[in-house]
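Text of data18.txt (compact mmCIF, C-alpha atoms) as supplied:
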```txt
# COMPACT_ATOMS: atom_id res chain seq x y z
CA MET A 133 6.02 -21.47 6.23
CA THR A 134 3.67 -19.42 8.34
CA LYS A 135 0.78 -21.13 10.03
CA PRO A 136 -2.49 -19.31 9.52
CA SER A 137 -3.59 -17.93 12.87
CA ALA A 138 -6.24 -15.54 11.60
CA PRO A 139 -9.61 -16.83 10.38
CA MET A 140 -9.55 -18.05 6.81
CA ARG A 141 -11.29 -15.97 4.17
CA GLU A 142 -14.49 -17.46 2.83
CA PRO A 143 -13.30 -18.01 -0.79
CA THR A 144 -10.21 -19.84 0.50
CA TYR A 145 -12.33 -22.00 2.79
CA PHE A 146 -14.60 -23.07 -0.04
CA ILE A 147 -11.68 -23.70 -2.41
CA LEU A 148 -10.21 -26.10 0.14
CA ALA A 149 -13.63 -27.59 0.79
CA ALA A 150 -14.13 -28.11 -2.94
CA LEU A 151 -10.91 -30.13 -3.09
CA GLN A 152 -11.57 -32.40 -0.11
CA ASP A 153 -13.34 -35.10 -2.10
CA GLU A 154 -11.24 -35.29 -5.24
CA PRO A 155 -8.63 -33.37 -7.23
CA LEU A 156 -10.19 -30.72 -9.48
CA HIS A 157 -9.08 -28.31 -12.20
CA GLY A 158 -9.74 -24.57 -12.16
CA TYR A 159 -13.25 -24.42 -13.63
CA ALA A 160 -14.40 -27.42 -11.58
CA ILE A 161 -13.19 -25.70 -8.40
CA VAL A 162 -15.22 -22.58 -9.30
CA LYS A 163 -18.36 -24.65 -9.85
CA ARG A 164 -17.90 -26.86 -6.77
CA ALA A 165 -17.21 -23.86 -4.49
CA GLN A 166 -20.37 -22.22 -5.79
CA GLU A 167 -22.40 -25.37 -5.13
CA LEU A 168 -20.99 -25.90 -1.64
CA SER A 169 -21.71 -22.31 -0.65
CA ASP A 170 -25.25 -22.36 -2.09
CA GLY A 171 -24.22 -19.89 -4.77
CA ARG A 172 -22.78 -17.36 -2.32
CA VAL A 173 -19.12 -17.74 -3.35
CA ARG A 174 -18.73 -16.90 -7.03
CA LEU A 175 -15.00 -17.02 -7.67
CA THR A 176 -13.55 -14.99 -10.49
CA THR A 177 -10.64 -16.56 -12.33
CA GLY A 178 -8.28 -13.89 -11.02
CA THR A 179 -9.31 -14.57 -7.43
CA LEU A 180 -9.16 -18.35 -7.90
CA TYR A 181 -5.60 -18.43 -9.20
CA ALA A 182 -4.38 -15.85 -6.68
CA ALA A 183 -5.77 -18.11 -3.94
CA LEU A 184 -4.30 -21.24 -5.53
CA ASP A 185 -0.88 -19.55 -5.74
CA ARG A 186 -0.98 -18.68 -2.06
CA LEU A 187 -2.32 -22.07 -1.01
CA THR A 188 0.39 -23.78 -3.07
CA SER A 189 3.10 -21.63 -1.50
CA GLU A 190 1.70 -22.49 1.95
CA GLU A 191 1.79 -26.18 0.94
CA MET A 192 -1.94 -26.62 1.49
CA VAL A 193 -2.64 -27.45 -2.13
CA GLN A 194 -0.48 -29.12 -4.75
CA VAL A 195 -0.67 -29.88 -8.44
CA ALA A 196 -1.89 -33.45 -8.86
CA GLU A 197 -1.75 -33.66 -12.63
CA GLU A 198 -0.83 -31.57 -15.63
CA ALA A 199 -2.47 -32.27 -18.97
CA VAL A 200 -2.99 -30.49 -22.28
CA VAL A 201 -6.65 -30.09 -23.22
CA ASN A 202 -7.67 -28.27 -26.43
CA GLY A 203 -4.05 -27.23 -26.82
CA ARG A 204 -3.95 -25.55 -23.43
CA ALA A 205 -2.38 -26.53 -20.12
CA ARG A 206 -4.83 -27.82 -17.54
CA ARG A 207 -3.64 -28.46 -14.01
CA THR A 208 -5.55 -30.50 -11.51
CA TYR A 209 -5.14 -29.54 -7.86
CA GLU A 210 -5.43 -31.65 -4.75
CA LEU A 211 -5.48 -31.00 -1.04
CA THR A 212 -2.37 -31.83 1.00
CA GLU A 213 -2.37 -33.13 4.58
CA ARG A 214 -1.56 -29.61 5.72
CA GLY A 215 -4.46 -28.19 3.72
CA LEU A 216 -6.88 -30.78 5.07
CA SER A 217 -5.74 -30.05 8.61
CA ALA A 218 -6.18 -26.28 8.07
CA LEU A 219 -9.65 -26.90 6.64
CA HIS A 220 -10.66 -29.01 9.64
CA GLU A 221 -9.25 -26.42 12.04
CA GLU A 222 -11.25 -23.69 10.36
CA ALA A 223 -14.39 -25.82 10.42
CA ALA A 224 -13.85 -26.52 14.14
CA ARG A 225 -13.35 -22.80 14.77
CA MET A 226 -16.62 -21.99 13.02
CA ILE A 227 -18.46 -24.78 14.88
CA ALA A 228 -17.18 -23.39 18.19
CA ALA A 229 -18.24 -19.89 17.16
CA ALA A 230 -21.69 -21.15 16.14
CA ARG A 231 -22.03 -23.11 19.40
CA VAL A 232 -21.75 -19.87 21.40
CA VAL A 233 -24.94 -18.64 19.76
CA ARG A 234 -26.80 -21.97 19.52
CA ASP A 235 -26.17 -22.96 23.14
CA ARG A 236 -27.31 -19.55 24.30
CA SER A 237 -30.51 -19.75 22.27
CA VAL A 238 -31.18 -23.26 23.64
CA ARG A 239 -30.64 -22.04 27.23
CA SER A 240 -32.86 -19.00 26.71
CA THR A 241 -35.57 -21.22 25.19
CA ALA A 242 -35.34 -23.56 28.19
CA ALA A 243 -35.52 -20.60 30.59
CA THR A 244 -38.59 -19.27 28.78
CA VAL A 245 -40.26 -22.67 29.07
CA ARG A 246 -39.53 -22.82 32.84
CA THR A 247 -41.01 -19.35 33.48
CA VAL A 248 -44.22 -20.07 31.59
CA PRO A 249 -46.86 -21.37 34.09
CA ALA A 250 -48.17 -24.83 33.42
CA MET B 220 -8.76 -17.09 -31.95
CA THR B 221 -12.11 -15.60 -30.98
CA GLY B 222 -12.68 -12.01 -29.99
CA LEU B 223 -13.33 -13.05 -26.40
CA GLU B 224 -10.07 -14.98 -26.22
CA ARG B 225 -8.17 -12.04 -27.69
CA ARG B 226 -9.67 -9.71 -25.08
CA TYR B 227 -8.84 -12.10 -22.25
CA ARG B 228 -5.27 -12.39 -23.51
CA TRP B 229 -5.03 -8.60 -23.50
CA LEU B 230 -6.30 -8.47 -19.91
CA LEU B 231 -3.83 -11.16 -18.86
CA ARG B 232 -1.04 -8.77 -19.79
CA ALA B 233 -1.62 -7.23 -16.37
CA TYR B 234 0.37 -10.20 -15.03
CA PRO B 235 4.18 -10.26 -15.30
CA ARG B 236 5.67 -12.14 -18.23
CA ALA B 237 7.17 -14.95 -16.14
CA TYR B 238 3.82 -15.54 -14.45
CA ARG B 239 2.02 -15.54 -17.80
CA GLN B 240 4.39 -18.14 -19.19
CA TYR B 241 3.48 -20.48 -16.35
CA ARG B 242 -0.20 -19.68 -15.88
CA ALA B 243 -1.75 -17.78 -18.79
CA GLU B 244 -2.94 -20.76 -20.85
CA GLU B 245 -4.47 -22.44 -17.83
CA MET B 246 -6.23 -19.22 -16.80
CA LEU B 247 -7.44 -18.69 -20.34
CA GLU B 248 -8.94 -22.17 -20.40
CA THR B 249 -10.83 -21.45 -17.17
CA LEU B 250 -11.86 -17.96 -18.32
CA LEU B 251 -13.31 -19.23 -21.56
CA VAL B 252 -15.31 -22.00 -19.87
CA VAL B 253 -16.54 -19.75 -17.06
CA GLY B 254 -17.27 -16.88 -19.46
CA GLU B 255 -19.92 -18.82 -21.44
CA THR B 256 -19.61 -19.45 -25.14
CA ASP B 257 -22.07 -16.85 -26.40
CA ARG B 258 -20.36 -13.99 -24.64
CA ARG B 259 -18.27 -11.63 -26.77
CA HIS B 260 -16.81 -9.38 -24.08
CA PRO B 261 -15.31 -10.22 -20.69
CA SER B 262 -17.55 -9.25 -17.79
CA LEU B 263 -16.60 -6.16 -15.83
CA ARG B 264 -16.20 -8.18 -12.63
CA GLU B 265 -13.88 -10.68 -14.26
CA SER B 266 -11.89 -7.94 -15.99
CA LEU B 267 -11.36 -5.98 -12.77
CA ALA B 268 -10.34 -9.15 -10.93
CA LEU B 269 -7.76 -9.95 -13.62
CA VAL B 270 -6.26 -6.46 -13.65
CA ALA B 271 -6.16 -6.23 -9.85
CA GLY B 272 -4.78 -9.77 -9.59
CA GLY B 273 -2.08 -9.04 -12.16
CA LEU B 274 -1.01 -5.83 -10.46
CA ARG B 275 -0.92 -7.59 -7.09
CA VAL B 276 1.35 -10.27 -8.52
CA ARG B 277 3.56 -7.50 -9.88
CA SER B 278 3.63 -5.64 -6.56
CA GLY B 279 4.33 -8.83 -4.62
CA VAL B 280 1.70 -8.18 -1.93
CA ASP B 281 0.29 -11.66 -2.46
CA ARG B 282 3.58 -13.20 -1.37
CA LEU B 283 3.86 -11.29 1.91
CA GLY B 284 1.82 -13.88 3.77
CA CYS B 285 1.44 -12.23 7.19
CA ARG B 286 0.90 -8.87 8.84
CA GLU B 287 4.44 -8.71 10.21
CA THR B 288 5.98 -9.03 6.77
CA LEU B 289 3.52 -6.52 5.36
CA ARG B 290 4.37 -4.06 8.15
CA HIS B 291 8.10 -4.43 7.49
CA SER B 292 7.62 -4.00 3.77
CA ALA B 293 5.33 -0.98 4.21
CA LEU B 294 7.86 0.71 6.51
CA ARG B 295 10.64 0.03 4.04
CA LEU B 296 8.66 1.42 1.11
CA THR B 297 7.61 4.46 3.14
CA ALA B 298 11.22 5.19 4.08
CA LEU B 299 12.32 4.82 0.45
CA SER B 300 9.47 7.03 -0.82
CA LEU B 301 10.30 9.73 1.72
CA LEU B 302 13.97 9.65 0.78
CA VAL B 303 13.16 9.84 -2.95
CA CYS B 304 10.91 12.80 -2.18
CA GLY B 305 13.65 14.39 -0.05
CA VAL B 306 16.31 13.99 -2.72
CA ALA B 307 14.01 15.42 -5.41
CA LEU B 308 12.92 18.41 -3.37
CA THR B 309 16.27 19.35 -1.84
CA ALA B 310 18.05 18.95 -5.17
CA LEU B 311 15.64 21.40 -6.83
CA PRO B 312 17.55 24.52 -5.70
CA LEU B 313 20.76 22.93 -6.94
CA MET B 314 19.24 22.16 -10.34
CA TRP B 315 17.79 25.67 -10.52
CA ARG B 316 21.20 27.12 -9.78
CA LEU B 317 22.82 25.03 -12.49
CA TRP B 318 20.08 26.07 -14.94
CA LEU B 319 20.77 29.74 -14.25
CA LEU B 320 24.46 29.25 -14.88
CA LEU B 321 23.82 27.94 -18.40
CA PRO B 322 24.67 30.35 -21.23
CA GLY B 323 21.74 32.58 -22.11
CA ASN B 324 20.22 32.55 -18.63
CA SER B 325 20.44 35.33 -16.11
CA ALA B 326 22.59 34.43 -13.12
CA SER B 327 21.50 37.49 -11.19
CA PHE B 328 19.21 35.49 -8.93
CA LEU B 329 20.65 32.41 -7.32
CA HIS B 330 18.21 30.20 -5.48
CA GLY B 331 19.72 29.13 -2.19
CA GLY B 332 20.06 25.64 -0.82
CA SER B 333 22.62 23.33 0.68
CA LEU B 334 24.39 20.85 -1.55
CA VAL B 335 25.17 18.60 1.38
CA THR B 336 21.55 17.78 2.24
CA PRO B 337 20.55 16.23 -1.12
CA ALA B 338 23.87 14.41 -1.32
CA LEU B 339 23.40 12.85 2.12
CA LEU B 340 19.78 11.99 1.39
CA LEU B 341 20.85 10.32 -1.86
CA LEU B 342 23.36 8.22 0.06
CA ALA B 343 20.69 7.42 2.65
CA LEU B 344 18.38 6.31 -0.17
CA ALA B 345 21.04 3.99 -1.54
CA ALA B 346 21.73 2.58 1.94
CA ALA B 347 18.01 2.03 2.63
CA ALA B 348 17.52 0.38 -0.77
CA TRP B 349 20.24 -2.11 0.21
CA ALA B 350 18.57 -2.59 3.61
CA ARG B 351 21.47 -0.94 5.50
CA TYR B 352 19.10 0.90 7.80
CA HIS B 353 21.65 1.89 10.48
CA LEU B 354 23.69 3.71 7.86
CA ALA B 355 20.57 5.17 6.22
CA LEU B 356 19.36 6.46 9.58
CA ALA B 357 22.73 8.07 10.37
CA LEU B 358 22.85 9.70 6.92
CA THR B 359 19.29 11.01 7.25
CA ILE B 360 20.07 12.53 10.66
CA GLY B 361 23.24 13.95 9.09
CA ALA B 362 21.17 15.48 6.28
CA PHE B 363 18.91 17.14 8.83
CA GLY B 364 21.99 18.42 10.69
CA ALA B 365 23.38 19.80 7.44
CA GLU B 366 20.12 21.63 6.82
CA ILE B 367 20.23 23.20 10.28
CA TRP B 368 23.88 24.14 9.81
CA TYR B 369 23.19 25.70 6.39
CA SER B 370 20.26 27.76 7.62
CA ALA B 371 22.25 28.94 10.67
CA ALA B 372 25.34 29.76 8.61
CA ASN B 373 23.30 31.81 6.15
CA ASP B 374 21.11 33.37 8.83
CA LEU B 375 17.98 32.13 7.06
CA TRP B 376 16.02 31.99 10.31
CA ARG B 377 15.61 35.76 10.17
CA ALA B 378 13.33 35.31 7.17
CA VAL B 379 10.61 34.26 9.60
CA GLU B 380 8.65 37.39 10.41
CA PRO B 381 5.72 37.01 12.76
CA TRP B 382 7.47 36.32 16.02
CA ALA B 383 10.42 38.65 15.49
CA GLY B 384 11.56 40.32 18.69
CA ILE B 385 10.42 37.68 21.14
CA ASP B 386 12.05 34.54 19.95
CA ALA B 387 15.71 35.46 19.74
CA VAL B 388 16.40 33.83 23.10
CA LEU B 389 13.93 31.01 22.94
CA GLY B 390 14.97 29.84 19.50
CA LEU B 391 11.36 29.73 18.35
CA ARG B 392 12.28 31.50 15.15
CA ALA B 393 14.71 28.71 14.25
CA GLY B 394 12.12 26.10 15.10
CA LEU B 395 9.49 27.81 13.00
CA TYR B 396 11.89 28.17 10.09
CA LEU B 397 12.75 24.47 10.23
CA ALA B 398 9.09 23.52 10.49
CA MET B 399 8.53 25.33 7.19
CA GLN B 400 11.19 23.28 5.40
CA LEU B 401 10.26 20.16 3.51
CA SER B 402 13.63 18.61 4.29
CA THR B 403 12.82 18.78 8.01
CA TRP B 404 9.67 16.73 7.68
CA VAL B 405 11.17 14.33 5.17
CA CYS B 406 14.09 13.67 7.52
CA LEU B 407 11.89 13.48 10.62
CA LEU B 408 9.34 11.11 9.09
CA GLY B 409 12.14 9.14 7.44
CA VAL B 410 13.87 8.64 10.79
CA LEU B 411 10.61 7.66 12.48
CA THR B 412 9.99 5.12 9.72
CA MET B 413 13.48 3.65 9.81
CA VAL B 414 13.77 3.20 13.58
CA PRO B 415 11.36 0.20 13.68
CA LEU B 416 13.21 -1.29 10.70
CA LEU B 417 16.44 -1.49 12.71
CA ARG B 418 15.06 -4.18 14.98
CA ALA B 419 12.57 -5.79 12.65
CA ARG B 420 13.23 -9.26 11.36
CA ARG B 421 14.33 -9.15 7.74
CA SER B 422 11.48 -9.78 5.35
CA ARG B 423 11.76 -12.82 3.11
CA VAL B 424 10.19 -10.74 0.36
CA ALA B 425 12.64 -8.02 -0.62
CA ARG B 426 11.47 -7.13 -4.07
CA PRO B 427 9.91 -5.52 -6.03
CA TRP B 428 9.89 -2.02 -4.63
CA THR B 429 10.75 0.45 -7.38
CA TRP B 430 7.32 0.63 -9.00
CA LEU B 431 5.62 0.81 -5.62
CA VAL B 432 7.79 3.79 -4.69
CA GLY B 433 6.98 5.20 -8.12
CA ALA B 434 3.25 4.77 -7.51
CA ALA B 435 3.44 6.48 -4.11
CA MET B 436 5.52 9.30 -5.57
CA THR B 437 3.14 9.75 -8.50
CA ILE B 438 0.24 10.21 -6.10
CA ALA B 439 2.31 12.71 -4.12
CA ALA B 440 3.59 14.51 -7.23
CA VAL B 441 0.10 15.49 -8.40
CA THR B 442 -0.55 17.26 -5.11
CA PRO B 443 0.41 20.88 -4.65
CA ASN B 444 4.01 21.10 -3.51
CA PRO B 445 7.25 22.90 -4.34
CA LEU B 446 8.14 20.14 -6.79
CA ASN B 447 5.38 21.09 -9.21
CA GLY B 448 4.76 24.61 -7.97
CA TRP B 449 1.04 24.15 -7.40
CA VAL B 450 -0.07 26.53 -4.72
CA ASP B 451 -3.35 28.12 -5.67
CA ARG B 452 -7.05 27.87 -5.05
CA PHE B 453 -7.11 24.22 -6.15
CA THR B 454 -4.59 23.27 -3.48
CA LEU B 455 -6.96 21.81 -0.93
CA PRO B 456 -9.26 19.87 -3.29
CA VAL B 457 -6.25 18.34 -5.01
CA ILE B 458 -4.66 17.35 -1.69
CA MET B 459 -7.88 15.71 -0.59
CA ALA B 460 -8.29 13.99 -3.96
CA ALA B 461 -4.72 12.69 -3.87
CA GLY B 462 -5.27 11.30 -0.37
CA LEU B 463 -8.45 9.62 -1.51
CA VAL B 464 -6.77 8.19 -4.62
CA ALA B 465 -3.97 6.83 -2.43
CA ALA B 466 -6.51 5.16 -0.16
CA LEU B 467 -8.45 3.64 -3.06
CA VAL B 468 -5.38 2.43 -4.92
CA GLY B 469 -4.05 0.93 -1.71
CA ALA B 470 -7.32 -0.79 -0.91
CA ALA B 471 -7.73 -2.20 -4.42
CA LEU B 472 -4.16 -3.22 -5.13
CA ASP B 473 -1.59 -2.90 -2.41
CA VAL B 474 -2.08 -1.30 0.97
CA ARG B 475 1.58 -0.32 1.06
CA ILE B 476 0.92 2.29 -1.63
CA SER B 477 -1.58 4.14 0.54
CA ILE B 478 0.73 4.00 3.57
CA ALA B 479 3.77 5.29 1.68
CA ALA B 480 1.76 7.93 -0.21
CA SER B 481 0.18 9.17 3.02
CA ALA B 482 3.61 9.64 4.60
CA VAL B 483 4.87 11.56 1.56
CA LEU B 484 1.69 13.67 1.46
CA LEU B 485 2.19 14.46 5.13
CA ALA B 486 5.78 15.55 4.48
CA LEU B 487 4.49 17.86 1.73
CA ILE B 488 1.55 19.27 3.67
CA LEU B 489 3.18 19.92 7.04
CA PRO B 490 5.54 22.68 5.78
CA MET B 491 2.54 24.35 4.11
CA LEU B 492 0.71 24.13 7.40
CA ALA B 493 3.63 25.78 9.21
CA TYR B 494 3.89 28.44 6.50
CA GLU B 495 0.29 29.61 6.67
CA PRO B 496 0.78 33.14 8.07
CA THR B 497 -2.62 33.29 9.75
CA SER B 498 -1.68 30.40 11.98
CA TRP B 499 1.03 32.20 13.86
CA THR B 500 -0.92 35.15 15.21
CA PHE B 501 -1.71 35.34 18.90
CA GLY B 502 -5.29 34.99 20.05
CA GLY B 503 -6.64 34.28 16.60
CA SER B 504 -9.34 31.63 16.51
CA ASN B 505 -10.83 32.43 13.13
CA LEU B 506 -11.41 29.64 10.62
CA GLY B 507 -8.52 30.25 8.25
CA PRO B 508 -6.62 28.25 5.64
CA ARG B 509 -4.57 26.65 8.40
CA HIS B 510 -7.65 25.04 9.90
CA VAL B 511 -8.76 23.75 6.54
CA LEU B 512 -5.27 22.38 5.87
CA LEU B 513 -5.26 20.78 9.28
CA GLY B 514 -8.62 19.26 8.47
CA ALA B 515 -7.21 17.96 5.20
CA VAL B 516 -4.26 16.36 6.99
CA ILE B 517 -6.49 14.70 9.58
CA GLY B 518 -8.97 13.65 6.89
CA ILE B 519 -6.27 12.04 4.74
CA LEU B 520 -4.81 10.24 7.72
CA ALA B 521 -8.19 9.02 8.96
CA ILE B 522 -9.24 7.76 5.53
CA ASN B 523 -5.95 6.03 4.90
CA VAL B 524 -5.69 4.46 8.34
CA THR B 525 -9.26 3.12 8.10
CA VAL B 526 -8.86 1.81 4.57
CA SER B 527 -5.42 0.35 5.27
CA ARG B 528 -6.63 -1.52 8.36
CA ARG B 529 -9.56 -3.01 6.48
CA ALA B 530 -7.53 -3.88 3.39
CA THR B 531 -4.55 -5.34 5.24
CA HIS B 532 -6.38 -8.47 6.37
CA ARG B 533 -7.82 -9.07 2.92
CA GLN B 534 -4.44 -8.70 1.24
CA VAL B 535 -2.36 -10.93 3.50
CA ALA B 536 -4.86 -13.44 4.91
CA LEU B 537 -5.33 -16.79 3.30
```
What is this structure when it is put down as C-alpha cells?
Amino acid sequence: MTKPSAPMREPTYFILAALQDEPLHGYAIVKRAQELSDGRVRLTTGTLYAALDRLTSEEMVQVAEEAVVNGRARRTYELTERGLSALHEEAARMIAAARVVRDRSVRSTAATVRTVPA
Amino acid sequence: MTGLERRYRWLLRAYPRAYRQYRAEEMLETLLVVGETDRRHPSLRESLALVAGGLRVRSGVDRLGCRETLRHSALRLTALSLLVCGVALTALPLMWRLWLLLPGNSASFLHGGSLVTPALLLLALAAAAWARYHLALALTIGAFGAEIWYSAANDLWRAVEPWAGIDAVLGLRAGLYLAMQLSTWVCLLGVLTMVPLLRARRSRVARPWTWLVGAAMTIAAVTPNPLNGWVDRFTLPVIMAAGLVAALVGAALDVRISIAASAVLLALILPMLAYEPTSWTFGGSNLGPRHVLLGAVIGILAINVTVSRRATHRQVAL
C-alpha cells in the first residue's frame, strides 16, 4: 500500500475526522463531516463512497458492521490504526502550516508594540 | 418504489454491474435519506456526482492511487491510442484498394500505400496491449522504416513541390514528405511514449483500457483528419472544440483521456501543419492558415497540460 505523501483532500480529512469518535454509516458520515467543517464540506453520495472505497483499499477505514435496514444493506465504517495515524499526521501538518502564519503575526505585533513610543 | 428511488437506480447504472451488486443498495439508502423525503427528482449536483463517480469506477482511475501509477497508465493508454490511430489511418489505402477491386467498382485508380506499415503497427498494438513494450517499440520503428522504404521505392518524395531543385542533395524533400505523413507522427509520438514505459515499474492496475482508448479515439475521430475526410472551413473550430472536449472530459472523469486524446490530435494536426503550402515559402511572414494551425496546436497543448496538471492531484490523491 502506498503511504500518502501529498496533503490530504479536505473531504477525505473530514470523513476520517467524522469517524474518529465512533463507527458511522454513510448518511451519518455526511452529516458529521458537514457539522465538523461548519457546513463547508457537503459530501455527495457519489463522492462519499468513492472516498470510502479508496480509504478502505488503503486500509485506513474498514467495515465495522453490516446490517439490513428497511430491506437495504447498511454498512457501518470505522477508522483503523493506519487511518487514525494518517489523520493525526495531516492535522500536525496543518498545525505546522498554520504556525508559520500565526508566529509571524505574533512577532510582527510584538515588533509594532516595541516601536510605538511609550 | 417511489419515483425518486427509480431515478436514483437509473443513475446508479453509471457504475459497473459488479460494483452495483456490492454497493448499490447501500448507496440508495444514503441517497434517499440525504435527498429529503419531499423531493421528487435527484438534485443536479448529486446526479453529476453519481455519473462521474460511476464512470471513474469504470475507468479505474480511482484505483491508481499515486501519480507514478497514473503516469504509467497514461503513457500506456497514449501509446495504445496512437497505435490504434496508426493502424486505422495506414490501413485506409489498403481498404480503399480492396473496395475498388470489388465487382462493379472502377479499378482504374488505385490509392497507394504500403501494406507492411499497417501490419507492423497492428503487431505493435498487440504487443503494447500485452505490455511487451520492447517488441512494440521495435515494431513501431520497423513500421516507420517500412514507410520510408515504400516512399523511396515508389519515388513519392518527388510529389513535394515547393523546394524542388534545391533539396535533392540535402534530402529536405524526403524530410518534408515524411513530415506530411500521418504514419510518421504516429510512429514518432508512439516511440516517444513507449520509451519511458520500458524502464517504468509495472503498474498494479492493468485494466481496463479498451474504453479509454475508445474515448480518446472518439474525440480524435470527430476532428478533421484523413480518417473522416473533414478538411474544410470548419477545420480549425472543430480541432479547437475537440481539444477542449478532451480537456473537459479528462478533468471531469479521467485525466488519461485528455492526455491520450491530445497525443492523437497532435498526430493528426502535425501532418496538416506540414502540408500547408503557405508555410514553405521563403521570406513569408504573413498570417496564414499555418499560423492559425500552429496556434491551435499550442492552444490545445496548453489547455490540456494545465487541466491535466490540476486534475491529476484531485483524481489520485486521497
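Considering only C-alpha atoms, the residue among B:Ala493, B:Leu334, B:Leu320, B:Ala479 positioned nearest to B:Gly433 is B:Ala479.
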ask   = What does the distance between atom CA of A:Leu211 and atom CA of B:Arg277 come to in Å, to one decimal place?
value = 26.7 Å
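With all atoms listed in the file as the atoms that count, the minimum distance from A:Gly203 to the choices B:Asp473, B:Glu244, B:Leu358, B:Val516 is reached by B:Glu244.
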request  = Could you please tell me, as JSON, numbers by chain, which residues of chain B have an atom within 8 Å of chain A when using only C-alpha atoms?
outcome  = {"B": [244, 245, 246, 248, 249, 250, 252, 253, 264, 265, 268, 269, 272, 273, 281, 282, 284, 285, 533, 536, 537]}
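Atom CA of A:Arg174 to atom CA of A:Asp153 spans 19.6 Å [interatomic distance, one decimal].
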message = If I take atom CA of B:Val457 and atom CA of B:Gly514, how far is one from the other in Å, to one decimal?
response = 13.7 Å
Could you name the residues that touch stretch 297-300 of chain B at 12 Å or less, counting only C-alpha atoms, but leaving out those on the same chain fewer than 6 positions away, as a PDB file with C-alpha atoms, keeping the file's coordinate frame?
```
ATOM      1  CA  LEU B 289       3.520  -6.520   5.360  1.00  0.00           C
ATOM      2  CA  ARG B 290       4.370  -4.060   8.150  1.00  0.00           C
ATOM      3  CA  HIS B 291       8.100  -4.430   7.490  1.00  0.00           C
ATOM      4  CA  VAL B 306      16.310  13.990  -2.720  1.00  0.00           C
ATOM      5  CA  ALA B 307      14.010  15.420  -5.410  1.00  0.00           C
ATOM      6  CA  LEU B 340      19.780  11.990   1.390  1.00  0.00           C
ATOM      7  CA  LEU B 341      20.850  10.320  -1.860  1.00  0.00           C
ATOM      8  CA  LEU B 342      23.360   8.220   0.060  1.00  0.00           C
ATOM      9  CA  ALA B 343      20.690   7.420   2.650  1.00  0.00           C
ATOM     10  CA  LEU B 344      18.380   6.310  -0.170  1.00  0.00           C
ATOM     11  CA  ALA B 345      21.040   3.990  -1.540  1.00  0.00           C
ATOM     12  CA  ALA B 346      21.730   2.580   1.940  1.00  0.00           C
ATOM     13  CA  ALA B 347      18.010   2.030   2.630  1.00  0.00           C
ATOM     14  CA  ALA B 348      17.520   0.380  -0.770  1.00  0.00           C
ATOM     15  CA  TRP B 349      20.240  -2.110   0.210  1.00  0.00           C
ATOM     16  CA  ALA B 350      18.570  -2.590   3.610  1.00  0.00           C
ATOM     17  CA  ARG B 351      21.470  -0.940   5.500  1.00  0.00           C
ATOM     18  CA  TYR B 352      19.100   0.900   7.800  1.00  0.00           C
ATOM     19  CA  ALA B 355      20.570   5.170   6.220  1.00  0.00           C
ATOM     20  CA  LEU B 356      19.360   6.460   9.580  1.00  0.00           C
ATOM     21  CA  THR B 359      19.290  11.010   7.250  1.00  0.00           C
ATOM     22  CA  VAL B 405      11.170  14.330   5.170  1.00  0.00           C
ATOM     23  CA  CYS B 406      14.090  13.670   7.520  1.00  0.00           C
ATOM     24  CA  LEU B 407      11.890  13.480  10.620  1.00  0.00           C
ATOM     25  CA  LEU B 408       9.340  11.110   9.090  1.00  0.00           C
ATOM     26  CA  GLY B 409      12.140   9.140   7.440  1.00  0.00           C
ATOM     27  CA  VAL B 410      13.870   8.640  10.790  1.00  0.00           C
ATOM     28  CA  LEU B 411      10.610   7.660  12.480  1.00  0.00           C
ATOM     29  CA  THR B 412       9.990   5.120   9.720  1.00  0.00           C
ATOM     30  CA  MET B 413      13.480   3.650   9.810  1.00  0.00           C
ATOM     31  CA  VAL B 414      13.770   3.200  13.580  1.00  0.00           C
ATOM     32  CA  PRO B 415      11.360   0.200  13.680  1.00  0.00           C
ATOM     33  CA  LEU B 416      13.210  -1.290  10.700  1.00  0.00           C
ATOM     34  CA  TRP B 428       9.890  -2.020  -4.630  1.00  0.00           C
ATOM     35  CA  THR B 429      10.750   0.450  -7.380  1.00  0.00           C
ATOM     36  CA  TRP B 430       7.320   0.630  -9.000  1.00  0.00           C
ATOM     37  CA  LEU B 431       5.620   0.810  -5.620  1.00  0.00           C
ATOM     38  CA  VAL B 432       7.790   3.790  -4.690  1.00  0.00           C
ATOM     39  CA  GLY B 433       6.980   5.200  -8.120  1.00  0.00           C
ATOM     40  CA  ALA B 434       3.250   4.770  -7.510  1.00  0.00           C
ATOM     41  CA  ALA B 435       3.440   6.480  -4.110  1.00  0.00           C
ATOM     42  CA  MET B 436       5.520   9.300  -5.570  1.00  0.00           C
ATOM     43  CA  THR B 437       3.140   9.750  -8.500  1.00  0.00           C
ATOM     44  CA  ILE B 438       0.240  10.210  -6.100  1.00  0.00           C
ATOM     45  CA  ALA B 439       2.310  12.710  -4.120  1.00  0.00           C
ATOM     46  CA  ALA B 440       3.590  14.510  -7.230  1.00  0.00           C
ATOM     47  CA  VAL B 474      -2.080  -1.300   0.970  1.00  0.00           C
ATOM     48  CA  ARG B 475       1.580  -0.320   1.060  1.00  0.00           C
ATOM     49  CA  ILE B 476       0.920   2.290  -1.630  1.00  0.00           C
ATOM     50  CA  SER B 477      -1.580   4.140   0.540  1.00  0.00           C
ATOM     51  CA  ILE B 478       0.730   4.000   3.570  1.00  0.00           C
ATOM     52  CA  ALA B 479       3.770   5.290   1.680  1.00  0.00           C
ATOM     53  CA  ALA B 480       1.760   7.930  -0.210  1.00  0.00           C
ATOM     54  CA  SER B 481       0.180   9.170   3.020  1.00  0.00           C
ATOM     55  CA  ALA B 482       3.610   9.640   4.600  1.00  0.00           C
ATOM     56  CA  VAL B 483       4.870  11.560   1.560  1.00  0.00           C
ATOM     57  CA  LEU B 484       1.690  13.670   1.460  1.00  0.00           C
ATOM     58  CA  LEU B 485       2.190  14.460   5.130  1.00  0.00           C
ATOM     59  CA  ALA B 486       5.780  15.550   4.480  1.00  0.00           C
TER      60      ALA B 486
END
```
Test item: which residues lie within 9 Å of (-9.6, 3.9, -0.8) counting only C-alpha atoms, as a ChimeraX atom specification = /B:462-471,477,522-523,525-527
Step by step: locate stretch 223-229 of chain A in the block above, keep C-alpha atoms, then write the file as a short mmCIF file (atom, residue, chain, number, x, y, z; two decimals), in the first residue's frame.
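The resulting file, part.cif, is reproduced below:
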```
data_model
loop_
_atom_site.label_atom_id
_atom_site.label_comp_id
_atom_site.auth_asym_id
_atom_site.auth_seq_id
_atom_site.Cartn_x
_atom_site.Cartn_y
_atom_site.Cartn_z
CA ALA A 223 -3.64 17.55 11.48
CA ALA A 224 0.00 18.03 12.56
CA ARG A 225 0.89 19.17 9.04
CA MET A 226 -1.91 21.74 9.08
CA ILE A 227 -0.93 22.93 12.58
CA ALA A 228 2.66 23.40 11.41
CA ALA A 229 1.44 25.28 8.34
#
```
